[in-house]
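Worksheet: the structure to be examined is printed underneath.
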Amino acid sequence: MQNFSVVSSFPLKPACTFTIPKYIVKFPPLRLCSRLHTSSLTSSTMDPSPLTIDTINPKVLKCEYAVRGEVVTIAQRLQQELKDNPGSHPFEEILYCNIGNPQSLGQHPITFFREVLALCDHPFLLDKSEISCLFSADSIRRAQKILGLIPGKATGAYSHSQGIKGLREAIAAGIEARDGFPSNPDDIFLTDGASPGVHMMMRLLIRSESDGLLCPIPQYPLYSASIALHGGTLVPYYLNEATGWGLDISELKKQLHAARSNGMSVRALVVINPGNPTGQVLTEENQKQIVEFCKKEGLIILADEVYQANVYVPEKQFHSFKKVARSMGYGEKEISIVSFHSVSKGFYGECGKRGGYYEVTGFSADIRAQIYKLASVNLCSNIAGQILASLIMNPPKAGDDSYESYLAERDGILSSLARRAKTLEDAFNSLEGVTCNKAEGAMYLFPQIYLPEKAIKAAAAAKTAPDAFYCKRLLNATGIVVVPGTGFGQVPGTWHFRCTVLPQEEKIPAVVSRLSEFHEDFMNQFRD
Amino acid sequence: MSPKALDYESLNENLKKAQYAVRGELYLRASELQKEGKKIIFTNVGNPHALGQKPLTFPRQVVALCQAPFLLDDPNVGLLFPADAIARAKHYLSYTSGGLGAYSDSRGLPGVRKEVADFIGRRDGYPSDPELIFLTDGASKGVMQLLNAIIRGEGDGVLVPVPQYPLYSAAIALFGGSLVPYYLEETANWGLDVADLRQSVAHARAKGITVRAMVIINPGNPTGQCLSEANLREILRFCYQENLVLLGDEVYQQNIYQDERPFLSARKVLMDMGGPISRELQLVSFHSVSKGYWGECGQRGGYFEMTNIPPRSVEEIYKVASISLSPNVPAQIFMGLMVNPPKPGDISYDQFVRESKGILESLRRRARIMTDGFNSCRNVVCNFTEGAMYSFPQIRLPPRAIEAAKKARKVADVFYCLKLLEATGISTVPGSGFGQKEGVFHLRTTILPAEEDMPEIMASFKKFNDEFMEQYEDHRGYSRM
């Protein structure tokens, strides 16, 4: 029952004090072209203007997201300058290695998926005999099947707030085939990318600053940003760079107990597997330890598994956390797990489609009802993204017309990613003072750079973090855009940057040589 | 025994408080009945394609070609797609770096934002800056982003019309703010009275609330009224005097069913008023591909346009948008096509106009059919649907019905709507989901069922209603609220 009476009297909250964790890069002003509007001083003598930097929600101010932060903004400016004035910089193009956005760097989409999507977008085509010359037979059949799952075949209609039932059934079947354990379509929530699902979980779990979430350091800054935005506290656990970014349970225990003794209610553990930015693939043994730990401590596992299709080393394999838990005999009563997946990564790389889902297990019905309610406020996720999510979990199989070409495309992309990961890893390791762990999976390398004292002083003088200083120099010299490690978190006093392995294979030698040349110049300038 | 990781008590309270009736109790019950085999007519949400409205052909052709660019290289493509759709697909693909599968700029593709700005310029007669236009996954996401930026805590209030589209009440609850209601006057065609606004604000301030923003929905949802120019001026002046940012939900701007009050954007009226207000009043306007005659709800395409928002605030809003990386690219193309449709002379122009006009004219007829149909029912009074997609009849429930509802532990209009659902399969949303004056009951239905089904639906409703009234009416009569 709606209650529209005005909230009764209460004291105004005092201004919140909060600390910005040291590892978060400050977000700088954008140069926006805004000739038409000037900032205003209100003519009223009442409270300050509603939407100014002083009156905006402080949680918005607090959150940071370096992946599209400062260095990228500079890169965009340089790109514009190159466009307006070719030759104005010592490089021909900006190479965006800051973001896991494969198709922007030339990776092709999987043909079968695009065929199905096009037919679903314009079902009128399915009545035309001519399409048999343009579309594979199984893509036509799949489009018809998918449209049959949609009420009225209306891809332009809002669907069920969790996503179209038939598509969730396909995804559940895919999960079951992958894991060997059952999956319930009603546990699945389709979202506009995996990120909104993460936000929903934060909304669910965070009541105040006293609610903490354990997050790996380094982490993909969606987690730190969304925790800040929702007013919670990030409880860091450090991955061990010396052991290939290993996850030590002793570190988890230490951090958990420290947080609890500070009065924090730690609610969940975020684990990114394969890791971002770190690229490690957890061993099954490690995963079992994590499951055991979370069960014992009453923590929800938030498993970011979006890179599950990106594993480059034969000695490692992806295992979903749900599978590991179930194989240990733990069911919904023993452990709560939320697993996130996305169409943006893998070998399909369909970032722009905003497709993803999360699977929720181990929550009671009344909590599930709240999750549903939250999903319903936004009505539903985009239908094309839903269709794509069902396709990645249910791709062409042996015997299907498109199977051979699908395999060729998939394996071509994956083997190329593995090669590029190795080439760049070796290149980084060959640089003076740089060490780089192997990228077992995901799409990134996260080399550690030793920055001489002179460089650190220069950075301080430029009022910028040392790794950001390095990255900006790199950008200005080579056009290569990477993200400073402070954006992800790192052990204090160490410096890193994240670089994707995504530039096209033909460009990699040039990237390596430009980078090496720059690094040598940099070290010549700043060496102790 | 493991400690419980999450129990209901330890959930975020704001989440528990938030309600969204559009997909609440009635909808869930209707879905259950549908599963049991009952024929349900879903009129709970503005979802045109779900009720048989066909997508416009041209945009679907363009987006299909963008999805599968290999088609563009095929010599046979001209057999299936008109030349202007092919050209337009190439045009939109050229805006992207990598096609539909790459994250765009977090604000949306610059090329599409420029087209949106041009559209706004043509519509209003004043230039609009693409840098201040952010594309979003549906207008709802944009509303949530702005409210999140505005609301710092429960001390912050947002003026919301009653009745309102419950995205606003839900979002305010989720963000821990305070909803400050202002009542639309049903007897004055859901008109807005500035004196009432002033009173609502004064009342809120007396309780220690800082009123920060005002929401207008124009055309209204669920009420459908189109604001007059005079009314818009009053509202703008009021927000300026009271230091409020105005949030203008204008997603139904194409859905106008009368000629006395065509759509006027808040921005146009603001600019017409000249300085200093036109340079200082903070305004954010929202639009969507889900409504109008497009009805492409499933694409999740929308935008918001900021006026007089300081650059540093814009940067912060950008920063939050960047965390989600980018809005979905296919919907951005739908948005481009919506603001930049086929022109006279284009191959697809005639078909496009025919399809669009067909939909709009039918909506206009259905608005009338429904209004008249409701007004012919016992104890039902219904304002004409001037715009948007809904009808919001007032149901004058007799005291005995209200008692029966209490006994069944249901809100009175929920009780009525559930009975309506069970009897006829018509799934509506009770007025309590939108807010209404104490003791006055409504339901919201859409005007979207197919025109040929309308007479039967209205007859079915009338039969149920008149029988309901017969059953519960006390023959001593009842007092009007």
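Every chain in the structure tokens has a letter given in the order shown (A, B, ...), and although residue numbers restart at 1 in each chain, ligands are simply numbered from 1 in the order shown.
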Please provide the set of residues having any atom within 9 Å of A:Thr111, restricted to only C-alpha atoms, with same-chain residues fewer than 3 positions apart removed, written as a PDB file with N, CA and C atoms, in the first residue's frame.
ATOM      1  N   HIS A 108      36.257 -10.004 -34.791  1.00  0.00           N
ATOM      2  CA  HIS A 108      34.971 -10.194 -35.462  1.00  0.00           C
ATOM      3  C   HIS A 108      33.981 -10.906 -34.562  1.00  0.00           C
ATOM      4  N   ARG A 114      25.269 -13.515 -34.802  1.00  0.00           N
ATOM      5  CA  ARG A 114      24.756 -12.332 -35.483  1.00  0.00           C
ATOM      6  C   ARG A 114      23.635 -12.679 -36.470  1.00  0.00           C
ATOM      7  N   GLU A 115      23.742 -13.837 -37.087  1.00  0.00           N
ATOM      8  CA  GLU A 115      22.677 -14.289 -37.985  1.00  0.00           C
ATOM      9  C   GLU A 115      21.372 -14.421 -37.212  1.00  0.00           C
ATOM     10  N   VAL A 116      21.449 -15.100 -36.079  1.00  0.00           N
ATOM     11  CA  VAL A 116      20.246 -15.316 -35.272  1.00  0.00           C
ATOM     12  C   VAL A 116      19.674 -13.982 -34.807  1.00  0.00           C
ATOM     13  N   SER A 402      26.240 -24.882 -38.771  1.00  0.00           N
ATOM     14  CA  SER A 402      27.216 -23.826 -38.491  1.00  0.00           C
ATOM     15  C   SER A 402      28.343 -24.296 -37.582  1.00  0.00           C
ATOM     16  N   SER A 405      32.133 -23.885 -38.803  1.00  0.00           N
ATOM     17  CA  SER A 405      32.578 -22.491 -38.908  1.00  0.00           C
ATOM     18  C   SER A 405      32.593 -21.829 -37.532  1.00  0.00           C
ATOM     19  N   TYR A 406      31.628 -22.210 -36.701  1.00  0.00           N
ATOM     20  CA  TYR A 406      31.604 -21.674 -35.335  1.00  0.00           C
ATOM     21  C   TYR A 406      32.886 -22.059 -34.591  1.00  0.00           C
ATOM     22  N   GLU A 409      35.889 -20.142 -35.896  1.00  0.00           N
ATOM     23  CA  GLU A 409      35.918 -18.765 -35.407  1.00  0.00           C
ATOM     24  C   GLU A 409      36.330 -18.740 -33.936  1.00  0.00           C
TER      25      GLU A 409
ATOM     26  N   ALA B  68      24.158  -7.831 -38.559  1.00  0.00           N
ATOM     27  CA  ALA B  68      24.827  -8.795 -39.423  1.00  0.00           C
ATOM     28  C   ALA B  68      25.416  -8.066 -40.625  1.00  0.00           C
ATOM     29  N   PHE B  70      27.740  -8.624 -42.505  1.00  0.00           N
ATOM     30  CA  PHE B  70      28.115  -9.439 -43.656  1.00  0.00           C
ATOM     31  C   PHE B  70      27.031  -9.383 -44.727  1.00  0.00           C
TER      32      PHE B  70
END
*Could you please write out, as a ChimeraX atom specification, every residue of stretch 119-272 of chain A that DSSP assigns to alpha helix (DSSP H)?*
/A:119-121,137-149,165-179,195-205,222-229,249-261
*Smallest atom-to-atom distance to chain B: which of A:Arg77, A:Lys397, A:Lys457, A:Arg354, using only C-alpha atoms?*
A:Arg354
_Can you pull out the residues contacting A:Arg326? Cut-off 12 Å, using only C-alpha atoms, and skip same-chain residues under 3 positions away; I want them as a list in words._
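Within the cut-off, the hits are Glu176, Asp179, Gly180, Phe181, Pro182, Ser183, Gln287, Lys288, Val291, Glu292, His319, Ser320, Phe321, Lys322, Lys323, Gly329, Tyr330, Gly331, Glu332, Lys333, Glu334, Ile335, Ser336, Ile337, Thr361 and Gly362 of chain A.
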*Can you list, as a list in words, every protein, DNA or RNA residue that comes within 8 Å of A:Gln448 when you count only C-alpha atoms, leaving out same-chain residues fewer than 6 positions away?*
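Neighbouring residues, sequence-local ones excluded: Val434, Thr435, Cys436, Thr494, Trp495, His496 and Phe497 of chain A.
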The selected residues should be written to file as a CSV table (one decimal), in the first residue's frame (atoms: N, CA, C and O atoms).
chain,number,residue,atom,x,y,z
A,434,VAL,N,60.7,-4.6,-14.9
A,434,VAL,CA,59.3,-4.9,-15.1
A,434,VAL,C,59.2,-6.4,-14.9
A,434,VAL,O,59.9,-7.2,-15.5
A,435,THR,N,58.3,-6.9,-14.1
A,435,THR,CA,57.9,-8.3,-14.1
A,435,THR,C,56.5,-8.5,-14.3
A,435,THR,O,55.6,-7.6,-13.9
A,436,CYS,N,56.1,-9.5,-15.0
A,436,CYS,CA,54.8,-9.7,-15.4
A,436,CYS,C,54.3,-11.2,-15.2
A,436,CYS,O,55.0,-12.1,-15.8
A,494,THR,N,54.0,-0.6,-4.5
A,494,THR,CA,54.2,-1.3,-5.8
A,494,THR,C,53.4,-0.5,-6.8
A,494,THR,O,52.4,0.1,-6.5
A,495,TRP,N,53.9,-0.6,-8.1
A,495,TRP,CA,53.2,0.1,-9.2
A,495,TRP,C,53.0,-0.9,-10.3
A,495,TRP,O,53.8,-1.7,-10.6
A,496,HIS,N,51.8,-0.8,-10.9
A,496,HIS,CA,51.4,-1.7,-12.0
A,496,HIS,C,50.7,-0.8,-13.1
A,496,HIS,O,50.3,0.3,-12.8
A,497,PHE,N,50.4,-1.5,-14.2
A,497,PHE,CA,49.4,-0.9,-15.1
A,497,PHE,C,48.7,-2.2,-15.7
A,497,PHE,O,49.3,-3.2,-15.8
_I'd like the contact shell of stretch 194-210 of chain A - 7 Å cut-off, only C-alpha atoms, skipping same-chain residues fewer than 2 positions apart - returned as a VMD selection string._
(chain A and resid 191 to 192 212 226 to 227 230 to 233 264 to 265 340 to 342 356 to 358) or (chain B and resid 11 to 12 15 324)
*asked:* Would you pick out the contacts of B:Val45 at 10 Å or less, using only C-alpha atoms, so that residues sharing its chain but fewer than 6 positions from it are not included, and give the list as a PyMOL selection string?
replied: (chain A and resi 158+379) or (chain B and resi 22-23+27+389-390+427-429+444-446+448)
*Test item: residues at most 8 Å from A:Asn98, only C-alpha atoms, excluding those fewer than 2 positions along its chain, as a VMD selection string*: chain A and resid 67 to 68 72 96 100 481 to 483 498 to 500
_Let me make sure I understand: among A:Leu190, A:Ile300, A:Ala242, A:Leu149, which one has the smallest atom-to-atom distance to chain B if we use only C-alpha atoms?_
A:Ile300
How close does stretch 380-476 of chain B get to stretch 370-375 of chain B? List, as CSV, each residue of stretch 380-476 of chain B within 6 Å, its nearest atom pair and the distance in Å to one decimal, counting only C-alpha atoms.
residue,atom,partner,partner_atom,distance
B:Val380,CA,B:Asn375,CA,5.8
B:Val381,CA,B:Asn375,CA,5.2
B:Cys382,CA,B:Asn375,CA,5.7
B:Phe384,CA,B:Thr371,CA,5.6
B:Met458,CA,B:Gly373,CA,6.0
What would the file look like if the residues just selected were written as a compact mmCIF listing (two decimals), in the first residue's frame with N, CA and C atoms?
# COMPACT_ATOMS: atom_id res chain seq x y z
N VAL B 380 -18.50 4.71 -12.17
CA VAL B 380 -17.16 4.92 -12.74
C VAL B 380 -17.13 6.27 -13.44
N VAL B 381 -16.11 7.04 -13.14
CA VAL B 381 -15.93 8.34 -13.79
C VAL B 381 -14.53 8.38 -14.35
N CYS B 382 -14.40 8.78 -15.60
CA CYS B 382 -13.09 8.71 -16.21
C CYS B 382 -12.75 9.96 -16.98
N PHE B 384 -10.76 12.07 -19.77
CA PHE B 384 -10.29 11.69 -21.10
C PHE B 384 -8.77 11.56 -21.10
N MET B 458 -14.35 -3.78 -23.25
CA MET B 458 -15.14 -2.80 -22.51
C MET B 458 -16.47 -3.41 -22.06
